[in-house]
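Chemist: Structure file start-v7.cif, mmCIF, C-alpha atoms and all ligand atoms, is pasted below:
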data_entry
loop_
_atom_site.label_atom_id
_atom_site.label_comp_id
_atom_site.auth_asym_id
_atom_site.auth_seq_id
_atom_site.Cartn_x
_atom_site.Cartn_y
_atom_site.Cartn_z
CA MET A 1 -29.27 146.40 185.16
CA PRO A 2 -26.55 148.46 183.52
CA LEU A 3 -23.96 149.86 185.90
CA ARG A 4 -24.30 153.46 187.05
CA PRO A 5 -22.11 156.11 185.40
CA TYR A 6 -18.74 156.15 187.14
CA ILE A 7 -17.16 159.55 187.79
CA VAL A 8 -13.65 159.22 189.18
CA GLY A 9 -11.37 162.04 190.30
CA ASN A 10 -7.65 161.53 189.86
CA TRP A 11 -6.03 164.07 192.15
CA LYS A 12 -2.53 163.20 190.87
CA MET A 13 0.14 164.83 193.08
CA HIS A 14 -2.26 167.39 194.53
CA GLY A 15 -3.60 167.42 198.04
CA THR A 16 -2.52 167.77 201.63
CA ARG A 17 -4.83 167.45 204.63
CA ALA A 18 -6.14 170.91 203.82
CA MET A 19 -7.91 169.28 200.85
CA LEU A 20 -9.96 167.01 203.13
CA SER A 21 -12.67 169.67 203.30
CA GLU A 22 -13.03 169.35 199.51
CA ALA A 23 -13.30 165.55 199.81
CA ARG A 24 -16.00 166.02 202.47
CA ALA A 25 -17.89 168.40 200.19
CA ILE A 26 -17.66 165.88 197.31
CA ASP A 27 -18.93 163.14 199.62
CA ARG A 28 -21.89 165.22 200.83
CA ALA A 29 -22.83 166.17 197.27
CA ALA A 30 -22.51 162.54 196.12
CA GLN A 31 -25.21 161.62 198.62
CA ARG A 32 -27.61 163.70 196.52
CA HIS A 33 -26.55 162.00 193.26
CA MET A 34 -27.14 158.34 193.96
CA LYS A 35 -27.65 157.53 190.27
CA VAL A 36 -23.95 158.17 189.78
CA GLU A 37 -21.02 156.33 191.33
CA VAL A 38 -18.49 158.91 192.52
CA ALA A 39 -14.93 158.09 193.60
CA ILE A 40 -11.66 159.89 194.16
CA ALA A 41 -8.05 158.77 194.01
CA PRO A 42 -6.05 161.22 196.14
CA PRO A 43 -2.32 160.82 196.84
CA TYR A 44 -1.51 157.77 199.02
CA THR A 45 -1.17 159.98 202.09
CA LEU A 46 -4.84 160.93 201.97
CA ILE A 47 -6.39 157.51 201.28
CA HIS A 48 -6.98 156.64 204.92
CA PRO A 49 -8.14 160.09 206.04
CA VAL A 50 -10.64 160.26 203.16
CA HIS A 51 -11.79 156.69 203.83
CA ARG A 52 -12.42 157.55 207.50
CA GLU A 53 -14.66 160.46 206.66
CA ALA A 54 -16.42 159.43 203.45
CA GLU A 55 -19.88 157.93 203.72
CA GLN A 56 -20.78 157.72 200.06
CA ILE A 57 -17.77 157.96 197.79
CA ALA A 58 -15.11 155.29 197.34
CA VAL A 59 -11.46 156.21 197.73
CA GLY A 60 -8.66 154.59 195.75
CA ALA A 61 -5.00 154.82 194.77
CA GLN A 62 -3.26 156.05 191.63
CA ASP A 63 -0.88 153.08 191.39
CA CYS A 64 0.33 150.03 193.32
CA HIS A 65 3.23 147.58 193.16
CA HIS A 66 2.60 144.11 191.79
CA GLU A 67 4.23 142.30 194.71
CA GLU A 68 2.68 141.89 198.15
CA GLY A 69 5.73 143.19 199.96
CA GLY A 70 9.50 143.20 199.92
CA ALA A 71 12.53 145.38 199.37
CA HIS A 72 10.87 148.02 197.16
CA THR A 73 11.68 151.38 198.68
CA GLY A 74 8.96 153.92 198.11
CA ASP A 75 6.42 151.47 196.71
CA ILE A 76 2.99 150.52 198.03
CA SER A 77 1.32 147.14 197.50
CA ALA A 78 -2.32 146.49 196.60
CA ASN A 79 -2.87 144.99 200.07
CA MET A 80 -1.63 148.20 201.66
CA VAL A 81 -4.04 150.25 199.56
CA ALA A 82 -6.88 147.96 200.68
CA ASP A 83 -5.69 148.12 204.30
CA ALA A 84 -5.83 151.93 204.20
CA GLY A 85 -9.46 151.75 203.05
CA GLY A 86 -8.83 151.97 199.30
CA LYS A 87 -11.39 150.21 197.14
CA PHE A 88 -9.81 150.61 193.71
CA VAL A 89 -6.59 151.49 191.96
CA ILE A 90 -5.89 153.41 188.76
CA LEU A 91 -3.22 151.59 186.76
CA GLY A 92 -1.22 152.36 183.64
CA HIS A 93 -1.87 156.09 183.63
CA SER A 94 0.15 157.74 180.85
CA GLU A 95 2.02 159.81 183.45
CA ARG A 96 3.18 156.57 185.14
CA ARG A 97 4.10 155.06 181.77
CA GLU A 98 6.03 158.20 180.82
CA ASN A 99 7.61 159.23 184.13
CA HIS A 100 8.33 155.74 185.47
CA GLY A 101 8.78 153.72 182.29
CA GLU A 102 5.94 151.35 183.14
CA THR A 103 5.37 148.62 180.58
CA ASP A 104 2.16 146.83 179.62
CA ALA A 105 3.49 143.63 181.21
CA GLN A 106 4.10 145.41 184.54
CA ILE A 107 0.67 147.00 184.40
CA LYS A 108 -0.92 143.60 183.82
CA ALA A 109 0.94 142.17 186.83
CA LYS A 110 -0.28 145.09 188.94
CA ALA A 111 -3.86 144.58 187.74
CA ASN A 112 -3.77 140.90 188.67
CA ALA A 113 -2.29 141.75 192.10
CA ALA A 114 -4.90 144.44 192.71
CA LEU A 115 -7.81 142.12 191.88
CA GLU A 116 -6.25 139.44 194.07
CA ALA A 117 -6.20 141.97 196.94
CA GLY A 118 -9.91 142.64 196.45
CA LEU A 119 -9.50 146.02 194.75
CA ARG A 120 -11.25 147.18 191.63
CA VAL A 121 -9.04 148.24 188.74
CA ILE A 122 -9.26 151.23 186.42
CA LEU A 123 -6.87 150.46 183.60
CA CYS A 124 -5.74 153.41 181.50
CA CYS A 125 -4.83 153.48 177.84
CA GLY A 126 -4.39 156.19 175.25
CA GLU A 127 -2.31 157.37 172.34
CA SER A 128 0.05 160.30 171.83
CA GLU A 129 -0.68 163.04 169.32
CA LYS A 130 1.99 161.64 167.02
CA THR A 131 0.38 158.20 167.04
CA ARG A 132 -3.07 159.66 166.32
CA ASP A 133 -1.71 161.81 163.49
CA ALA A 134 -0.11 158.70 162.00
CA GLY A 135 -3.54 157.01 161.98
CA ARG A 136 -2.46 154.38 164.49
CA ALA A 137 -4.53 155.38 167.55
CA VAL A 138 -6.91 152.42 167.54
CA ALA A 139 -4.18 149.86 166.87
CA HIS A 140 -2.01 151.37 169.64
CA VAL A 141 -4.77 151.33 172.26
CA LYS A 142 -5.81 147.77 171.38
CA LYS A 143 -2.21 146.62 171.67
CA GLN A 144 -1.89 148.31 175.09
CA LEU A 145 -5.10 146.72 176.36
CA ASN A 146 -4.41 143.27 174.97
CA ALA A 147 -1.10 143.26 176.81
CA SER A 148 -2.20 144.86 180.08
CA LEU A 149 -5.76 143.78 180.91
CA PRO A 150 -5.90 141.21 183.70
CA THR A 151 -6.45 137.53 182.96
CA PHE A 152 -8.31 134.98 185.04
CA ASP A 153 -8.25 131.23 185.59
CA GLU A 154 -11.88 131.62 186.50
CA GLN A 155 -13.74 134.88 185.94
CA PRO A 156 -15.29 136.29 189.14
CA GLU A 157 -19.04 136.85 189.04
CA ASP A 158 -18.71 140.57 189.67
CA LEU A 159 -16.06 141.03 186.98
CA ARG A 160 -17.99 143.73 185.11
CA GLU A 161 -17.80 145.91 188.23
CA ARG A 162 -14.22 145.14 189.06
CA VAL A 163 -12.51 146.01 185.80
CA THR A 164 -12.96 149.42 184.19
CA VAL A 165 -11.03 150.80 181.23
CA ALA A 166 -10.19 154.50 180.96
CA TYR A 167 -9.40 155.86 177.52
CA GLU A 168 -7.29 158.97 177.92
CA PRO A 169 -5.71 160.39 174.77
CA ILE A 170 -2.41 161.79 176.06
CA TRP A 171 -2.71 164.98 174.03
CA ALA A 172 -6.04 165.76 175.76
CA ILE A 173 -4.72 165.46 179.33
CA GLY A 174 -4.45 168.82 181.07
CA THR A 175 -4.45 170.66 177.74
CA GLY A 176 -8.05 171.80 177.45
CA LYS A 177 -8.30 169.83 174.18
CA THR A 178 -10.79 166.99 174.03
CA ALA A 179 -11.23 164.30 171.43
CA THR A 180 -14.21 164.76 169.11
CA VAL A 181 -17.36 162.84 169.89
CA ASP A 182 -16.82 160.77 166.72
CA ASP A 183 -13.28 159.86 167.77
CA ILE A 184 -14.43 158.95 171.27
CA ALA A 185 -17.30 156.84 169.89
CA GLU A 186 -14.95 155.03 167.50
CA MET A 187 -12.35 154.27 170.17
CA HIS A 188 -14.87 153.23 172.82
CA GLY A 189 -16.60 150.97 170.28
CA GLU A 190 -13.27 149.28 169.50
CA ILE A 191 -12.52 148.87 173.21
CA ARG A 192 -15.99 147.41 173.80
CA ALA A 193 -15.44 144.83 171.05
CA LEU A 194 -12.10 143.87 172.62
CA LEU A 195 -13.61 143.53 176.11
CA ILE A 196 -16.35 141.26 174.75
CA LYS A 197 -13.75 139.15 172.98
CA LEU A 198 -11.65 138.83 176.15
CA TYR A 199 -14.33 138.45 178.82
CA GLY A 200 -17.50 137.48 176.97
CA GLU A 201 -20.70 139.46 176.44
CA GLU A 202 -21.92 139.14 180.04
CA HIS A 203 -18.92 140.92 181.51
CA GLY A 204 -17.22 142.64 178.58
CA GLY A 205 -20.49 143.99 177.24
CA GLU A 206 -21.16 145.78 180.53
CA MET A 207 -17.79 146.90 181.87
CA ARG A 208 -17.53 150.64 182.02
CA ILE A 209 -15.22 152.47 179.65
CA LEU A 210 -14.39 155.93 180.98
CA TYR A 211 -13.21 158.86 178.93
CA GLY A 212 -10.49 161.09 180.38
CA GLY A 213 -8.76 164.23 179.16
CA SER A 214 -9.90 167.78 179.95
CA VAL A 215 -13.38 166.72 181.06
CA LYS A 216 -15.14 169.72 182.62
CA PRO A 217 -18.73 170.51 183.66
CA GLU A 218 -19.12 172.40 180.35
CA ASN A 219 -18.27 169.47 178.07
CA ALA A 220 -19.37 166.58 180.31
CA SER A 221 -22.92 166.14 178.95
CA GLU A 222 -21.75 165.79 175.37
CA ILE A 223 -18.97 163.36 176.23
CA LEU A 224 -21.03 161.31 178.65
CA SER A 225 -23.88 160.82 176.20
CA THR A 226 -21.53 159.33 173.59
CA PRO A 227 -22.17 155.60 172.99
CA ASP A 228 -20.08 153.28 175.16
CA VAL A 229 -18.91 156.07 177.49
CA GLY A 230 -19.68 154.81 181.00
CA GLY A 231 -18.20 157.69 182.93
CA ALA A 232 -15.20 159.97 183.19
CA LEU A 233 -11.74 159.98 184.72
CA VAL A 234 -11.18 163.57 185.73
CA GLY A 235 -7.93 165.31 186.64
CA GLY A 236 -7.90 169.08 187.12
CA ALA A 237 -11.65 169.49 187.40
CA SER A 238 -11.83 166.95 190.26
CA LEU A 239 -9.88 169.17 192.64
CA THR A 240 -12.87 171.24 193.72
CA ALA A 241 -16.24 169.87 194.74
CA ASP A 242 -17.99 172.47 192.62
CA SER A 243 -16.48 171.52 189.28
CA PHE A 244 -16.25 167.79 190.03
CA MET A 245 -19.86 167.52 191.10
CA GLY A 246 -20.87 169.57 188.05
CA ILE A 247 -19.58 166.63 186.03
CA ALA A 248 -21.41 164.13 188.29
CA LEU A 249 -24.61 166.13 187.81
CA ALA A 250 -24.22 165.95 184.02
CA ALA A 251 -23.63 162.18 184.34
CA GLY A 252 -26.84 161.81 186.36
CA GLU A 253 -28.86 163.75 183.81
CA THR A 254 -27.39 161.73 180.96
CA ALA A 255 -28.25 158.47 182.74
CA GLU A 256 -31.84 159.60 183.15
CA GLY A 257 -31.97 160.33 179.41
P1 LIG B 1 -7.30 166.37 183.12
O1 LIG B 1 -8.78 166.17 183.43
O2 LIG B 1 -6.65 167.38 184.02
O3 LIG B 1 -7.07 166.60 181.67
O4 LIG B 1 -6.57 164.98 183.47
C1 LIG B 1 -7.07 163.81 182.96
C2 LIG B 1 -6.38 162.67 183.62
O5 LIG B 1 -5.21 162.43 183.36
C3 LIG B 1 -7.15 161.86 184.58
O6 LIG B 1 -6.48 160.68 184.90
#
Any chance you could put this one into structure tokens?

Modeler:
Amino acid sequence: MPLRPYIVGNWKMHGTRAMLSEARAIDRAAQRHMKVEVAIAPPYTLIHPVHREAEQIAVGAQDCHHEEGGAHTGDISANMVADAGGKFVILGHSERRENHGETDAQIKAKANAALEAGLRVILCCGESEKTRDAGRAVAHVKKQLNASLPTFDEQPEDLRERVTVAYEPIWAIGTGKTATVDDIAEMHGEIRALLIKLYGEEHGGEMRILYGGSVKPENASEILSTPDVGGALVGGASLTADSFMGIALAAGETAEG
């Protein structure tokens, strides 16, 4: 059975307890869209409160440290995310790479630590406008993924569910611009081939590859019906239940064909 479409909200640095009502509304709506897997990654401070109230959606973090603990002021480990009720972690987001200088090697260490802690991983990749204009987008993304995807001594049975890739062209994030369907299909096809090479057909052929960058209810159907797009990683439009669940609805319809 192929995995359900995965619609994940990245709340970034948005959300105080006042936003819990929105999380509740997302959770209630998700109970009516069981053909779609819905999840949100609020700021760390809301992981536990959302976990306590959610019945259907999974809650996760937007980053974690690669060590279990230690003298790392301000950091949070994968075990802490899991302890707070988090089920997954987004890693390698372009805003972390840019604002915190994260490298592929660090992201890989985080991914291995997260899987070790029992979390699922959503690993982000994506090129800048300059790189795309120079015709190097595919090469850049493949290099990022080769250097940051987790490695295993022995692949877990549920690997296809535990590792997800999110392709987010940087120039499409928060700009209202989206990549063309042809560009998305090309990139996702290249990522699929890489995942099969790394993890084999059984896992790599089935892992979900999300698209992210200005996904909205209005463009979701077109994006989500593109080959090898297994869901969406949504920023701005995940902040209200109305717009976020509009995307989930489109995902459900696409899955039904
Ligand atoms: P927007 O949906 O706001 O463009 O953000 C995308 C993103 O960065 C999700 O991780």

Chemist: All residues within 7 Å of ligand LIG 1 (chain B) are required, counting all atoms listed in the file; please report them as an mmCIF file with C-alpha atoms, in the frame of the given file.

Modeler:
data_model
loop_
_atom_site.group_PDB
_atom_site.id
_atom_site.type_symbol
_atom_site.label_atom_id
_atom_site.label_comp_id
_atom_site.auth_asym_id
_atom_site.auth_seq_id
_atom_site.Cartn_x
_atom_site.Cartn_y
_atom_site.Cartn_z
ATOM 1 C CA ASN A 10 -7.650 161.530 189.860
ATOM 2 C CA HIS A 93 -1.870 156.090 183.630
ATOM 3 C CA GLU A 168 -7.290 158.970 177.920
ATOM 4 C CA ALA A 172 -6.040 165.760 175.760
ATOM 5 C CA ILE A 173 -4.720 165.460 179.330
ATOM 6 C CA GLY A 174 -4.450 168.820 181.070
ATOM 7 C CA THR A 175 -4.450 170.660 177.740
ATOM 8 C CA GLY A 176 -8.050 171.800 177.450
ATOM 9 C CA GLY A 212 -10.490 161.090 180.380
ATOM 10 C CA GLY A 213 -8.760 164.230 179.160
ATOM 11 C CA SER A 214 -9.900 167.780 179.950
ATOM 12 C CA VAL A 215 -13.380 166.720 181.060
ATOM 13 C CA LEU A 233 -11.740 159.980 184.720
ATOM 14 C CA VAL A 234 -11.180 163.570 185.730
ATOM 15 C CA GLY A 235 -7.930 165.310 186.640
ATOM 16 C CA GLY A 236 -7.900 169.080 187.120
ATOM 17 C CA ALA A 237 -11.650 169.490 187.400
#

Chemist: Compare A:Leu91, A:Val8, A:Val36, A:Ala82 by their minimum atom-to-atom distance to Glu253 of chain A, counting only C-alpha atoms, and give me the closest one.

Modeler: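 Residue with the minimum atom-to-atom distance to Glu253 of chain A: A:Val36.
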
Chemist: Can you work out which one of A:Ala251, A:Met207, A:Val89, A:Met80 has the shortest atom-to-atom distance to Ile107 of chain A, counting all atoms listed in the file?

Modeler: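 Closest to Ile107 of chain A of all the choices is A:Val89.
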
Chemist: Between atom CA of Gln144 of chain A and atom CA of Leu210 of chain A, what is the distance in Å, rounded to a tenth?

Modeler: 15.8 Å

Chemist: Do you have the atom CA of Phe244 of chain A-atom CA of Pro49 of chain A distance handy?

Modeler: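 Calculated distance between atom CA of Phe244 of chain A and atom CA of Pro49 of chain A is 19.5 Å.
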
Chemist: Go ahead and compute the interatomic distance for atom CA of Tyr167 of chain A and atom CA of Ala139 of chain A, in Å to one decimal.

Modeler: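 Atom CA of Ala139 of chain A lies at a distance of 13.3 Å from atom CA of Tyr167 of chain A.
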
Chemist: Please identify all polymer residues lying at most 12 Å from the point (-24.1, 152.3, 184.1) (file coordinates), using all atoms listed in the file, and present the result as a CSV table (one decimal) with C-alpha atoms, in the coordinates of the input.

Modeler:
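The resulting point.csv:
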chain,number,residue,atom,x,y,z
A,1,MET,CA,-29.3,146.4,185.2
A,2,PRO,CA,-26.6,148.5,183.5
A,3,LEU,CA,-24.0,149.9,185.9
A,4,ARG,CA,-24.3,153.5,187.0
A,5,PRO,CA,-22.1,156.1,185.4
A,6,TYR,CA,-18.7,156.2,187.1
A,7,ILE,CA,-17.2,159.6,187.8
A,34,MET,CA,-27.1,158.3,194.0
A,35,LYS,CA,-27.6,157.5,190.3
A,36,VAL,CA,-24.0,158.2,189.8
A,37,GLU,CA,-21.0,156.3,191.3
A,160,ARG,CA,-18.0,143.7,185.1
A,161,GLU,CA,-17.8,145.9,188.2
A,164,THR,CA,-13.0,149.4,184.2
A,205,GLY,CA,-20.5,144.0,177.2
A,206,GLU,CA,-21.2,145.8,180.5
A,207,MET,CA,-17.8,146.9,181.9
A,208,ARG,CA,-17.5,150.6,182.0
A,209,ILE,CA,-15.2,152.5,179.6
A,210,LEU,CA,-14.4,155.9,181.0
A,224,LEU,CA,-21.0,161.3,178.6
A,225,SER,CA,-23.9,160.8,176.2
A,227,PRO,CA,-22.2,155.6,173.0
A,228,ASP,CA,-20.1,153.3,175.2
A,229,VAL,CA,-18.9,156.1,177.5
A,230,GLY,CA,-19.7,154.8,181.0
A,231,GLY,CA,-18.2,157.7,182.9
A,232,ALA,CA,-15.2,160.0,183.2
A,251,ALA,CA,-23.6,162.2,184.3
A,252,GLY,CA,-26.8,161.8,186.4
A,254,THR,CA,-27.4,161.7,181.0
A,255,ALA,CA,-28.2,158.5,182.7
A,256,GLU,CA,-31.8,159.6,183.2

Chemist: Excluding same-chain residues fewer than 4 positions from Val121 of chain A, what lies within 10 Å of it counting only C-alpha atoms, as an MDAnalysis selection string?

Modeler: chainID A and resid 60:61 63 87:91 110:115 149:150 161:165

Chemist: Kindly indicate which residue among A:Ala220, A:Ile196, A:Ala29, A:Ala109 lies nearest to Thr178 of chain A, using all atoms listed in the file for the distances.

Modeler: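 Once distances to Thr178 of chain A are computed over all atoms listed in the file, the minimum belongs to A:Ala220.
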
Chemist: Between A:Tyr44, A:Arg120, A:Ile57, A:Leu194, which one has atoms that come closest to Asp75 of chain A, using all atoms listed in the file?

Modeler: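 Smallest separation from Asp75 of chain A among the options: A:Tyr44.
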